[in-house]
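Asker: This is upload08.txt (compact mmCIF, C-alpha atoms).
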```txt
# COMPACT_ATOMS: atom_id res chain seq x y z
CA MET A 229 37.70 -57.81 -3.57
CA LYS A 230 34.62 -59.99 -3.82
CA ALA A 231 33.01 -61.68 -6.83
CA SER A 232 29.76 -63.58 -7.25
CA VAL A 233 29.23 -66.17 -10.01
CA LEU A 234 25.60 -67.02 -10.84
CA SER A 235 24.50 -69.94 -12.99
CA PHE A 236 21.22 -71.53 -14.04
CA SER A 237 22.02 -75.04 -15.29
CA ALA A 238 24.21 -77.99 -14.39
CA ARG A 239 26.61 -77.22 -17.23
CA GLY A 240 26.63 -73.56 -16.21
CA ALA A 241 27.36 -74.43 -12.59
CA GLN A 242 30.38 -76.52 -13.60
CA LEU A 243 31.68 -73.67 -15.75
CA GLY A 244 30.94 -71.26 -12.90
CA LYS A 245 33.35 -73.20 -10.67
CA LYS A 246 36.09 -72.75 -13.27
CA ILE A 247 35.34 -69.05 -13.51
CA ALA A 248 35.47 -68.69 -9.72
CA ALA A 249 38.84 -70.45 -9.69
CA CYS A 250 40.15 -68.02 -12.29
CA LEU A 251 38.86 -65.03 -10.33
CA GLU A 252 40.62 -66.32 -7.22
CA THR A 253 43.96 -66.27 -9.08
CA VAL A 254 43.64 -62.53 -9.79
CA GLY A 255 42.73 -61.46 -6.28
CA TYR A 256 39.00 -61.98 -5.93
CA GLU A 257 37.22 -63.84 -3.14
CA ALA A 258 34.75 -65.64 -5.38
CA SER A 259 31.46 -67.31 -4.43
CA SER A 260 29.47 -69.50 -6.84
CA PHE A 261 25.70 -70.01 -6.81
CA THR A 262 23.26 -72.06 -8.85
CA MET A 263 19.71 -73.37 -8.85
CA ALA A 264 18.83 -75.67 -5.94
CA LYS A 265 18.14 -78.62 -8.23
CA TYR A 266 21.72 -78.54 -9.55
CA SER A 267 23.48 -77.77 -6.27
CA GLU A 268 24.09 -81.31 -4.99
CA GLU A 269 25.40 -82.82 -8.22
CA THR A 270 27.68 -79.87 -8.99
CA GLN A 271 28.76 -79.07 -5.43
CA VAL A 272 27.86 -75.43 -5.96
CA LYS A 273 25.97 -73.48 -3.33
CA ALA A 274 22.25 -73.05 -4.02
CA TYR A 275 20.62 -69.63 -4.07
CA GLU A 276 19.31 -69.01 -0.55
CA VAL A 277 16.09 -67.48 -1.87
CA ASN A 278 16.44 -67.07 -5.64
CA TYR A 279 18.91 -65.61 -8.11
CA GLN A 280 17.18 -62.23 -8.07
CA ALA A 281 17.75 -61.87 -4.32
CA THR A 282 21.34 -63.07 -4.64
CA THR A 283 21.94 -60.48 -7.36
CA LYS A 284 20.52 -57.72 -5.16
CA ASP A 285 22.88 -58.69 -2.31
CA ALA A 286 25.83 -59.06 -4.67
CA PHE A 287 25.31 -55.59 -6.14
CA ALA A 288 25.74 -54.17 -2.65
CA SER A 289 28.67 -56.32 -1.54
CA SER A 290 30.58 -57.55 -4.60
CA ASP A 291 33.04 -55.87 -6.94
CA CYS A 292 32.18 -58.24 -9.79
CA LEU A 293 29.23 -60.37 -10.90
CA VAL A 294 29.54 -63.07 -13.54
CA PHE A 295 26.39 -64.57 -15.02
CA VAL A 296 26.77 -67.95 -16.71
CA GLY A 297 23.89 -68.34 -19.13
CA ALA A 298 21.81 -66.26 -21.50
CA THR A 299 22.58 -62.56 -21.73
CA GLY A 300 18.87 -61.74 -21.47
CA ILE A 301 18.71 -63.29 -18.00
CA ALA A 302 21.66 -61.20 -16.86
CA VAL A 303 20.27 -57.97 -18.31
CA ARG A 304 16.81 -58.38 -16.80
CA THR A 305 18.24 -59.39 -13.43
CA ILE A 306 20.65 -56.50 -13.00
CA ALA A 307 18.33 -53.82 -14.43
CA PRO A 308 16.66 -52.80 -11.10
CA HIS A 309 20.03 -52.31 -9.41
CA LEU A 310 21.98 -50.24 -11.92
CA GLN A 311 22.98 -46.76 -10.72
CA ASN A 312 25.94 -45.34 -12.64
CA LYS A 313 29.40 -46.26 -13.86
CA LEU A 314 31.06 -44.74 -10.80
CA VAL A 315 29.49 -47.17 -8.33
CA ASP A 316 28.18 -50.19 -10.26
CA PRO A 317 30.20 -53.40 -9.93
CA ALA A 318 31.65 -55.05 -12.99
CA VAL A 319 29.06 -57.31 -14.62
CA ILE A 320 30.09 -59.99 -17.11
CA ASN A 321 28.07 -62.59 -18.99
CA VAL A 322 29.48 -65.95 -20.17
CA ASP A 323 27.46 -68.46 -22.17
CA GLU A 324 27.25 -71.88 -20.53
CA ARG A 325 29.63 -73.48 -23.05
CA GLY A 326 32.23 -70.80 -22.41
CA ASN A 327 32.42 -69.56 -25.99
CA PHE A 328 31.88 -65.83 -25.36
CA VAL A 329 32.73 -63.49 -22.48
CA ILE A 330 30.72 -60.25 -22.58
CA PRO A 331 31.25 -57.28 -20.24
CA LEU A 332 27.80 -55.76 -19.70
CA CYS A 333 28.45 -52.75 -17.47
CA ALA A 334 31.20 -50.96 -15.55
CA GLY A 335 33.55 -51.90 -18.37
CA HIS A 336 36.12 -49.23 -17.61
CA ILE A 337 35.88 -47.96 -14.03
CA GLY A 338 34.56 -51.24 -12.64
CA GLY A 339 37.09 -53.23 -14.65
CA ALA A 340 34.68 -55.49 -16.53
CA ASN A 341 36.46 -55.10 -19.88
CA GLU A 342 39.89 -56.14 -18.68
CA LEU A 343 38.48 -58.90 -16.48
CA ALA A 344 36.52 -60.22 -19.47
CA ARG A 345 39.78 -60.47 -21.41
CA VAL A 346 41.39 -62.38 -18.55
CA LEU A 347 38.46 -64.80 -18.31
CA ALA A 348 38.40 -65.26 -22.09
CA THR A 349 42.08 -66.21 -22.10
CA TYR A 350 41.51 -68.64 -19.22
CA LEU A 351 38.50 -70.26 -20.90
CA ASN A 352 39.92 -70.07 -24.45
CA ALA A 353 36.86 -67.98 -25.32
CA MET A 354 36.12 -64.85 -27.34
CA PRO A 355 35.98 -61.57 -25.37
CA CYS A 356 33.18 -59.37 -26.72
CA VAL A 357 34.17 -55.85 -25.67
CA THR A 358 31.91 -53.21 -27.23
CA THR A 359 32.87 -49.85 -25.69
CA ALA A 360 33.64 -47.31 -28.42
CA THR A 361 37.13 -46.34 -27.26
CA ASP A 362 38.18 -49.98 -27.01
CA VAL A 363 36.91 -51.07 -30.40
CA ASN A 364 38.63 -48.06 -31.98
CA GLY A 365 41.89 -48.58 -30.10
CA LEU A 366 41.60 -45.23 -28.31
CA PHE A 367 42.40 -43.96 -24.82
CA ALA A 368 39.76 -44.92 -22.24
CA VAL A 369 40.16 -42.06 -19.80
CA ASP A 370 37.72 -43.40 -17.20
CA GLU A 371 39.48 -46.77 -17.02
CA TRP A 372 42.91 -45.13 -16.85
CA ALA A 373 41.81 -42.77 -14.08
CA ALA A 374 40.33 -45.59 -12.02
CA ARG A 375 43.52 -47.67 -12.29
CA ASN A 376 45.67 -44.69 -11.31
CA ASN A 377 43.80 -43.69 -8.16
CA MET A 378 42.12 -40.65 -9.67
CA LEU A 379 38.56 -39.44 -9.31
CA ILE A 380 36.57 -38.35 -12.36
CA ASP A 381 34.90 -35.00 -11.77
CA GLY A 382 32.02 -35.10 -14.22
CA LEU A 383 30.51 -38.01 -16.15
CA SER A 384 29.13 -35.65 -18.79
CA GLU A 385 32.60 -34.26 -19.46
CA ALA A 386 34.00 -37.80 -19.64
CA LYS A 387 31.43 -38.67 -22.30
CA ASP A 388 32.29 -35.55 -24.30
CA PHE A 389 36.00 -36.39 -24.04
CA ALA A 390 35.42 -39.92 -25.35
CA ALA A 391 33.11 -38.66 -28.10
CA GLU A 392 35.81 -36.30 -29.41
CA LEU A 393 38.30 -39.17 -29.59
CA VAL A 394 35.86 -41.47 -31.37
CA ALA A 395 35.18 -38.66 -33.85
CA GLY A 396 38.90 -38.53 -34.60
CA LYS A 397 39.46 -35.11 -33.00
CA ASN A 398 42.33 -34.04 -30.78
CA VAL A 399 41.65 -33.55 -27.08
CA GLY A 400 43.76 -31.40 -24.79
CA PHE A 401 45.87 -32.40 -21.82
CA VAL A 402 47.00 -30.18 -18.95
CA LYS A 403 48.51 -31.09 -15.59
CA ASP A 404 49.76 -29.37 -12.47
CA GLU A 405 53.38 -28.27 -12.87
CA TRP A 406 54.85 -30.56 -10.19
CA MET A 407 53.52 -33.72 -11.90
CA ASN A 408 55.74 -35.75 -14.23
CA VAL A 409 54.78 -37.39 -17.53
CA ALA A 410 56.41 -40.83 -17.70
CA SER A 411 55.13 -42.10 -21.07
CA ALA A 412 54.07 -40.95 -24.49
CA LEU A 413 50.64 -39.38 -24.66
CA PRO A 414 47.81 -41.53 -26.02
CA LYS A 415 46.65 -41.21 -29.62
CA LEU A 416 44.85 -37.89 -30.31
CA VAL A 417 45.73 -36.53 -26.83
CA VAL A 418 47.85 -33.39 -27.14
CA GLU A 419 49.52 -31.24 -24.50
CA SER A 420 47.82 -28.07 -25.68
CA PHE A 421 45.13 -25.58 -24.70
CA GLU A 422 43.82 -25.37 -28.26
CA PRO A 423 41.20 -28.17 -28.28
CA LYS A 424 37.78 -27.25 -26.98
CA VAL A 425 37.63 -30.47 -24.97
CA GLY A 426 40.43 -31.67 -22.74
CA MET A 427 41.43 -33.36 -19.52
CA CYS A 428 43.11 -31.60 -16.64
CA ILE A 429 44.92 -33.67 -14.01
CA THR A 430 44.92 -31.41 -11.00
CA ILE A 431 44.36 -30.94 -7.28
CA ASP A 432 42.95 -27.47 -8.02
CA LYS A 433 39.17 -27.42 -7.66
CA GLU A 434 38.87 -24.29 -9.83
CA LYS A 435 41.15 -25.20 -12.73
CA THR A 436 39.17 -25.37 -16.00
CA PRO A 437 41.52 -24.65 -18.92
CA PHE A 438 39.20 -25.93 -21.66
CA LYS A 439 35.69 -25.00 -22.77
CA THR A 440 34.78 -28.53 -21.69
CA THR A 441 37.21 -29.64 -18.99
CA LEU A 442 37.33 -33.18 -17.68
CA ARG A 443 39.05 -32.85 -14.30
CA LEU A 444 40.89 -35.88 -12.96
CA ILE A 445 41.68 -35.56 -9.27
CA PRO A 446 44.61 -37.65 -8.00
CA LYS A 447 44.56 -38.68 -4.34
CA VAL A 448 48.14 -37.66 -3.59
CA LEU A 449 48.09 -35.01 -0.85
CA HIS A 450 49.04 -35.67 2.77
CA LEU A 451 48.21 -33.31 5.62
CA GLY A 452 50.72 -33.08 8.44
CA ILE A 453 48.99 -31.70 11.52
CA GLY A 454 50.37 -30.76 14.91
CA CYS A 455 48.31 -29.44 17.82
CA LYS A 456 48.37 -28.62 21.50
CA ARG A 457 46.94 -31.14 23.93
CA ASN A 458 43.11 -31.41 23.90
CA THR A 459 42.66 -29.28 20.80
CA PRO A 460 39.02 -29.65 19.63
CA LEU A 461 37.96 -30.65 16.12
CA GLU A 462 36.59 -27.20 15.38
CA ARG A 463 39.95 -25.54 15.98
CA ILE A 464 41.66 -27.95 13.59
CA GLU A 465 39.00 -27.24 10.97
CA ASP A 466 39.45 -23.49 11.51
CA LEU A 467 42.99 -23.77 10.17
CA VAL A 468 42.82 -26.65 7.69
CA LEU A 469 39.64 -25.88 5.75
CA PRO A 470 40.30 -22.18 5.02
CA MET A 471 43.89 -22.97 4.04
CA LEU A 472 42.79 -25.70 1.62
CA SER A 473 40.21 -23.31 0.18
CA GLU A 474 42.80 -20.54 -0.18
CA LEU A 475 45.04 -22.94 -2.12
CA HIS A 476 42.06 -24.10 -4.26
CA ILE A 477 42.73 -27.67 -3.12
CA ASP A 478 39.99 -30.19 -3.83
CA LEU A 479 39.27 -32.11 -0.61
CA ARG A 480 39.03 -35.30 -2.64
CA SER A 481 42.74 -35.07 -3.49
CA ILE A 482 43.73 -35.74 0.12
CA ALA A 483 45.09 -39.24 0.66
CA GLY A 484 45.74 -39.07 4.38
CA VAL A 485 46.56 -37.23 7.59
CA ALA A 486 49.68 -37.68 9.72
CA SER A 487 51.19 -36.56 13.00
CA VAL A 488 53.67 -37.62 15.65
CA ASP A 489 52.74 -40.70 17.70
CA LEU A 490 52.40 -38.63 20.90
CA LYS A 491 49.19 -37.32 19.30
CA LYS A 492 47.63 -40.71 18.57
CA ASP A 493 45.03 -40.23 21.31
CA GLU A 494 44.13 -36.63 20.41
CA GLN A 495 40.36 -36.79 20.05
CA GLY A 496 40.07 -33.65 17.94
CA LEU A 497 42.64 -34.90 15.45
CA LEU A 498 41.03 -38.35 15.31
CA ALA A 499 37.60 -36.77 14.88
CA PHE A 500 38.88 -34.65 11.98
CA ALA A 501 40.19 -37.70 10.13
CA LYS A 502 36.98 -39.63 10.78
CA LYS A 503 34.69 -36.79 9.73
CA TYR A 504 36.37 -36.39 6.34
CA HIS A 505 37.08 -40.12 5.85
CA TYR A 506 40.86 -39.70 5.72
CA PRO A 507 43.19 -42.46 6.93
CA ILE A 508 45.49 -41.23 9.68
CA ASN A 509 49.03 -42.36 10.51
CA PHE A 510 51.26 -41.56 13.45
CA TYR A 511 55.05 -41.66 13.38
CA SER A 512 57.60 -41.80 16.16
CA SER A 513 59.97 -38.89 16.75
CA GLU A 514 62.80 -41.19 15.67
CA GLU A 515 61.12 -41.86 12.31
CA LEU A 516 60.48 -38.16 11.74
CA ASN A 517 64.01 -37.16 12.73
CA GLU A 518 65.44 -39.56 10.14
CA LEU A 519 63.98 -37.53 7.27
CA GLU A 520 66.42 -35.49 5.25
CA GLY A 521 65.60 -32.01 4.02
CA GLU A 522 64.97 -28.48 5.21
CA PHE A 523 62.19 -28.17 7.78
CA THR A 524 61.03 -25.20 9.84
CA PRO A 525 62.60 -25.78 13.29
CA SER A 526 61.15 -25.06 16.73
CA ALA A 527 63.24 -25.65 19.84
CA PHE A 528 60.11 -25.57 21.99
CA VAL A 529 58.38 -28.29 19.95
CA LYS A 530 61.52 -30.42 20.10
CA SER A 531 61.63 -30.12 23.87
CA ILE A 532 58.06 -31.39 24.10
CA VAL A 533 57.82 -34.13 21.45
CA GLY A 534 61.45 -34.89 20.57
CA VAL A 535 61.30 -33.57 16.99
CA SER A 536 61.79 -29.95 15.91
CA ASN A 537 58.86 -29.91 13.48
CA VAL A 538 55.78 -32.13 13.54
CA CYS A 539 53.57 -31.00 10.67
CA GLU A 540 56.15 -30.71 7.86
CA ARG A 541 57.98 -33.89 8.75
CA SER A 542 54.74 -35.86 9.23
CA ALA A 543 53.36 -34.73 5.87
CA VAL A 544 56.56 -35.58 4.04
CA LYS A 545 56.87 -38.96 5.78
CA ASP A 546 53.27 -39.86 4.93
CA ALA A 547 53.76 -38.82 1.30
CA GLY A 548 56.76 -41.09 0.84
CA ASN A 549 59.37 -38.40 1.43
CA HIS A 550 58.29 -36.17 -1.43
CA HIS A 551 57.55 -32.54 -2.23
CA LEU A 552 56.28 -30.03 0.37
CA LEU A 553 53.42 -28.10 -1.18
CA LEU A 554 52.77 -26.00 1.94
CA LYS A 555 55.32 -25.31 4.64
CA LYS A 556 54.31 -24.90 8.29
CA THR A 557 51.38 -22.59 8.89
CA SER A 558 49.70 -22.18 12.26
CA ARG A 559 46.66 -20.78 14.05
CA ASN A 560 45.38 -21.13 17.61
CA GLY A 561 47.73 -23.91 18.60
CA VAL A 562 47.32 -25.94 15.40
CA THR A 563 50.00 -26.36 12.73
CA LEU A 564 49.50 -27.60 9.17
CA SER A 565 51.73 -28.62 6.31
CA ILE A 566 50.89 -30.34 3.02
CA ALA A 567 53.07 -32.72 1.02
CA THR A 568 52.47 -34.43 -2.30
CA GLU A 569 53.31 -37.95 -3.34
CA GLU A 570 55.53 -38.33 -6.36
CA LEU A 571 53.20 -38.54 -9.36
CA ASN A 572 54.45 -40.01 -12.62
CA LEU A 573 51.71 -40.04 -15.24
CA ASP A 574 52.07 -43.26 -17.19
CA PHE A 575 49.35 -43.53 -19.82
CA THR A 576 50.17 -47.18 -20.45
CA LYS A 577 49.29 -48.09 -16.86
CA ILE A 578 45.99 -49.93 -17.04
CA GLY A 579 44.97 -53.48 -16.19
CA LEU A 580 42.86 -55.29 -13.65
CA LYS A 581 41.05 -53.47 -10.91
CA LYS A 582 42.92 -53.88 -7.63
```
What would you get if you wrote out this structure as structure tokens?

Answerer:
Amino acid sequence: MKASVLSFSARGAQLGKKIAACLETVGYEASSFTMAKYSEETQVKAYEVNYQATTKDAFASSDCLVFVGATGIAVRTIAPHLQNKLVDPAVINVDERGNFVIPLCAGHIGGANELARVLATYLNAMPCVTTATDVNGLFAVDEWAARNNMLIDGLSEAKDFAAELVAGKNVGFVKDEWMNVASALPKLVVESFEPKVGMCITIDKEKTPFKTTLRLIPKVLHLGIGCKRNTPLERIEDLVLPMLSELHIDLRSIAGVASVDLKKDEQGLLAFAKKYHYPINFYSSEELNELEGEFTPSAFVKSIVGVSNVCERSAVKDAGNHHLLLKKTSRNGVTLSIATEELNLDFTKIGLKK
């Protein structure tokens, strides 16, 4: 992860170096910038053009921006670049004496709130977190989802969910049956269909159990794919896409694709992974044969690749040796299986953005 620290005075530049050092300790590659007239004495890099241009570049390339100086400068400088909470980097403002640390945007998903608390502890400063769920000690669903590798399907629904909590009302919670709950539910969150507003943690693109349903989509599915030599992309899509649609699976829940290593040069398979932006892994027949469990056997496949089933074993291996959601299905020389990672829903699992 990358961070940019921007300052506007000699004192601010010195503090900016401390902030960059802190960011480095929590996993950021931090770069500090200041005005040209303070660069030599503080040994901080000068803005190449000006701080507005540096901010523009940082918004495109950094995960976090820290402004050291007046909040007004920070607000005016970032204003032209703000898009939405799903894509904006964390933006934090620190006064040049290091008294206050203020997350300005991307407090939850971008991680600005938690990072502000870390910086405040490091600087012995006061964190000024203003988001409604935080100040009321309530569950911040967008932050929790981001830290647990889940996508939020609907910013409007997320706002309605938070508004119900702030109003002191119960919100519902529903999950897919194969998921486990590993902690107590947050305050005002109830495992019930009764509330009008609720969150649904699901891979099902059509599941809407509440009048207002906030769907959280975990990236936990792994596609195991086998195919004959020189199978084109279109033939792989002809099996995979209709099957995912039939199962109501949201494409965004797919974490990766896997196959046997003899297929690592299959252009159609590689093109499928590239087209849908899925990482792809290949495993040796020895690795796949080591897996325990019941898999659909094929003597012919074993004679060719050294393992009796490619798709099921590859999916399970890629998912960390967990549950098969779909056993082997085939069409026109392509086989598909789907496995899920183990998913333990821990509502205490928050923290810094990784």

Asker: Just the number, please: distance in Å from CA of Val369 (chain A) to CA of Ala344 (chain A), one decimal.

Answerer: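 So the answer is 18.5 Å.
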
Asker: From the set A:Arg559, A:His336, A:His550, A:Lys503, which residue has the shortest atom-to-atom contact distance to Val468 (chain A), counting all atoms listed in the file?

Answerer: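 Counting all atoms listed in the file, the residue closest to Val468 (chain A) is A:Arg559.
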
Asker: Measuring atom to atom with all atoms listed in the file, identify which of A:Ala298, A:Val417, A:Leu461, A:Ala567 is nearest to Leu366 (chain A).

Answerer: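 Under the stated criterion, the closest residue is A:Val417.
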
Asker: Provide the CA of Asn509 (chain A) to CA of Ser473 (chain A) distance in Å, to one decimal place.

Answerer: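 Going from CA of Asn509 (chain A) over to CA of Ser473 (chain A) covers 23.4 Å.
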
Asker: Out of A:Leu475, A:Leu310, A:Leu497, A:Ile301, which residue has the shortest atom-to-atom distance to Gln280 (chain A) when counting all atoms listed in the file?

Answerer: A:Ile301

Asker: I need the residue nearest Lys387 (chain A) from this list: A:Cys428, A:Met229, A:Ala368, A:Ile445. Use all atoms listed in the file for the distance.

Answerer: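 Using all atoms listed in the file, the shortest distance to Lys387 (chain A) belongs to A:Ala368.
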
Asker: So, counting all atoms listed in the file, which residue among A:Leu564, A:Val488, A:Leu314, A:Leu243 is closest to Met378 (chain A)?

Answerer: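 Ranking A:Leu564, A:Val488, A:Leu314, A:Leu243 by distance to Met378 (chain A), first place goes to A:Leu314.
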
Asker: Between A:Asp316, A:Glu540, A:Glu324, A:Asp493, single out the one closest to Ala241 (chain A), counting all atoms listed in the file.

Answerer: A:Glu324

Asker: Between CA of Ala302 (chain A) and CA of Thr283 (chain A), measure the distance and give it in Å to one decimal.

Answerer: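 The value is 9.5 Å.
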
Asker: With only C-alpha atoms as the counted atoms, please give the residues lying no more than 12 Å from Ile306 (chain A), apart from itself and same-chain residues fewer than 6 positions off, as a ChimeraX atom specification.

Answerer: /A:234,279-288,293-295,299-300,316-321,332-333

Asker: Emit the selected residues as a PDB file, in the frame of the given file, including C-alpha atoms.

Answerer:
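Result file is selection.pdb:
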```pdb
ATOM      1  CA  LEU A 234      25.600 -67.020 -10.840  1.00  0.00           C
ATOM      2  CA  TYR A 279      18.910 -65.610  -8.110  1.00  0.00           C
ATOM      3  CA  GLN A 280      17.180 -62.230  -8.070  1.00  0.00           C
ATOM      4  CA  ALA A 281      17.750 -61.870  -4.320  1.00  0.00           C
ATOM      5  CA  THR A 282      21.340 -63.070  -4.640  1.00  0.00           C
ATOM      6  CA  THR A 283      21.940 -60.480  -7.360  1.00  0.00           C
ATOM      7  CA  LYS A 284      20.520 -57.720  -5.160  1.00  0.00           C
ATOM      8  CA  ASP A 285      22.880 -58.690  -2.310  1.00  0.00           C
ATOM      9  CA  ALA A 286      25.830 -59.060  -4.670  1.00  0.00           C
ATOM     10  CA  PHE A 287      25.310 -55.590  -6.140  1.00  0.00           C
ATOM     11  CA  ALA A 288      25.740 -54.170  -2.650  1.00  0.00           C
ATOM     12  CA  LEU A 293      29.230 -60.370 -10.900  1.00  0.00           C
ATOM     13  CA  VAL A 294      29.540 -63.070 -13.540  1.00  0.00           C
ATOM     14  CA  PHE A 295      26.390 -64.570 -15.020  1.00  0.00           C
ATOM     15  CA  THR A 299      22.580 -62.560 -21.730  1.00  0.00           C
ATOM     16  CA  GLY A 300      18.870 -61.740 -21.470  1.00  0.00           C
ATOM     17  CA  ASP A 316      28.180 -50.190 -10.260  1.00  0.00           C
ATOM     18  CA  PRO A 317      30.200 -53.400  -9.930  1.00  0.00           C
ATOM     19  CA  ALA A 318      31.650 -55.050 -12.990  1.00  0.00           C
ATOM     20  CA  VAL A 319      29.060 -57.310 -14.620  1.00  0.00           C
ATOM     21  CA  ILE A 320      30.090 -59.990 -17.110  1.00  0.00           C
ATOM     22  CA  ASN A 321      28.070 -62.590 -18.990  1.00  0.00           C
ATOM     23  CA  LEU A 332      27.800 -55.760 -19.700  1.00  0.00           C
ATOM     24  CA  CYS A 333      28.450 -52.750 -17.470  1.00  0.00           C
TER      25      CYS A 333
END
```

Asker: Which residues, written as a PyMOL selection string, have at least one atom at most 7 Å from Val485 (chain A), with only C-alpha atoms counted and residues fewer than 5 positions away on the same chain left out?

Answerer: chain A and resi 450-452+501+506-509

Asker: Would you kindly identify which residues have an atom no farther than 9 Å from (23.3, -72.0, -6.1), using only C-alpha atoms and the file's own coordinates, and write them out as JSON, numbers by chain?

Answerer: {"A": [234, 235, 236, 241, 260, 261, 262, 263, 264, 265, 266, 267, 271, 272, 273, 274, 275, 276, 278, 279]}

Asker: Quick one: residues within 9 Å of Glu371 (chain A), all atoms listed in the file, excluding same-chain residues fewer than 6 positions away - as a count of residues only?

Answerer: 7

Asker: Which residues come within 8 Å of Cys356 (chain A), counting only C-alpha atoms, excluding same-chain residues fewer than 4 positions away, as a list in words?

Answerer: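 The residues satisfying every condition are Phe328, Val329, Ile330 and Pro331 of chain A.
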
Asker: All heavy atoms are what I want for region 425-431 of chain A; can you complete it accordingly and write them as a short mmCIF file (atom, residue, chain, number, x, y, z; two decimals), keeping the file's coordinate frame?

Answerer:
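Result file follows (selection_35.cif):
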```cif
data_model
loop_
_atom_site.label_atom_id
_atom_site.label_comp_id
_atom_site.auth_asym_id
_atom_site.auth_seq_id
_atom_site.Cartn_x
_atom_site.Cartn_y
_atom_site.Cartn_z
N VAL A 425 37.86 -29.47 -26.00
CA VAL A 425 37.63 -30.47 -24.97
C VAL A 425 38.99 -31.02 -24.52
O VAL A 425 39.85 -31.30 -25.35
CB VAL A 425 36.75 -31.63 -25.49
CG1 VAL A 425 36.54 -32.67 -24.40
CG2 VAL A 425 35.41 -31.09 -25.99
N GLY A 426 39.17 -31.15 -23.23
CA GLY A 426 40.43 -31.67 -22.74
C GLY A 426 40.34 -32.15 -21.31
O GLY A 426 39.36 -31.89 -20.61
N MET A 427 41.37 -32.89 -20.90
CA MET A 427 41.43 -33.36 -19.52
C MET A 427 42.49 -32.57 -18.77
O MET A 427 43.52 -32.19 -19.32
CB MET A 427 41.73 -34.86 -19.45
CG MET A 427 43.09 -35.28 -19.93
SD MET A 427 43.37 -37.03 -19.61
CE MET A 427 44.92 -37.29 -20.50
N CYS A 428 42.20 -32.33 -17.50
CA CYS A 428 43.11 -31.60 -16.64
C CYS A 428 43.35 -32.43 -15.39
O CYS A 428 42.41 -32.69 -14.63
CB CYS A 428 42.51 -30.24 -16.28
SG CYS A 428 43.54 -29.26 -15.19
N ILE A 429 44.57 -32.89 -15.19
CA ILE A 429 44.92 -33.67 -14.01
C ILE A 429 45.42 -32.68 -12.97
O ILE A 429 46.48 -32.06 -13.14
CB ILE A 429 45.98 -34.73 -14.33
CG1 ILE A 429 45.47 -35.64 -15.45
CG2 ILE A 429 46.32 -35.55 -13.09
CD1 ILE A 429 46.47 -36.67 -15.92
N THR A 430 44.65 -32.51 -11.90
CA THR A 430 44.92 -31.41 -11.00
C THR A 430 44.34 -31.66 -9.61
O THR A 430 43.39 -32.42 -9.45
CB THR A 430 44.32 -30.11 -11.57
OG1 THR A 430 44.64 -29.01 -10.71
CG2 THR A 430 42.80 -30.22 -11.72
N ILE A 431 44.92 -30.97 -8.63
CA ILE A 431 44.36 -30.94 -7.28
C ILE A 431 43.59 -29.65 -7.06
O ILE A 431 43.02 -29.43 -6.00
CB ILE A 431 45.46 -31.07 -6.22
CG1 ILE A 431 46.48 -29.93 -6.35
CG2 ILE A 431 46.15 -32.43 -6.32
CD1 ILE A 431 47.51 -29.86 -5.25
#
```
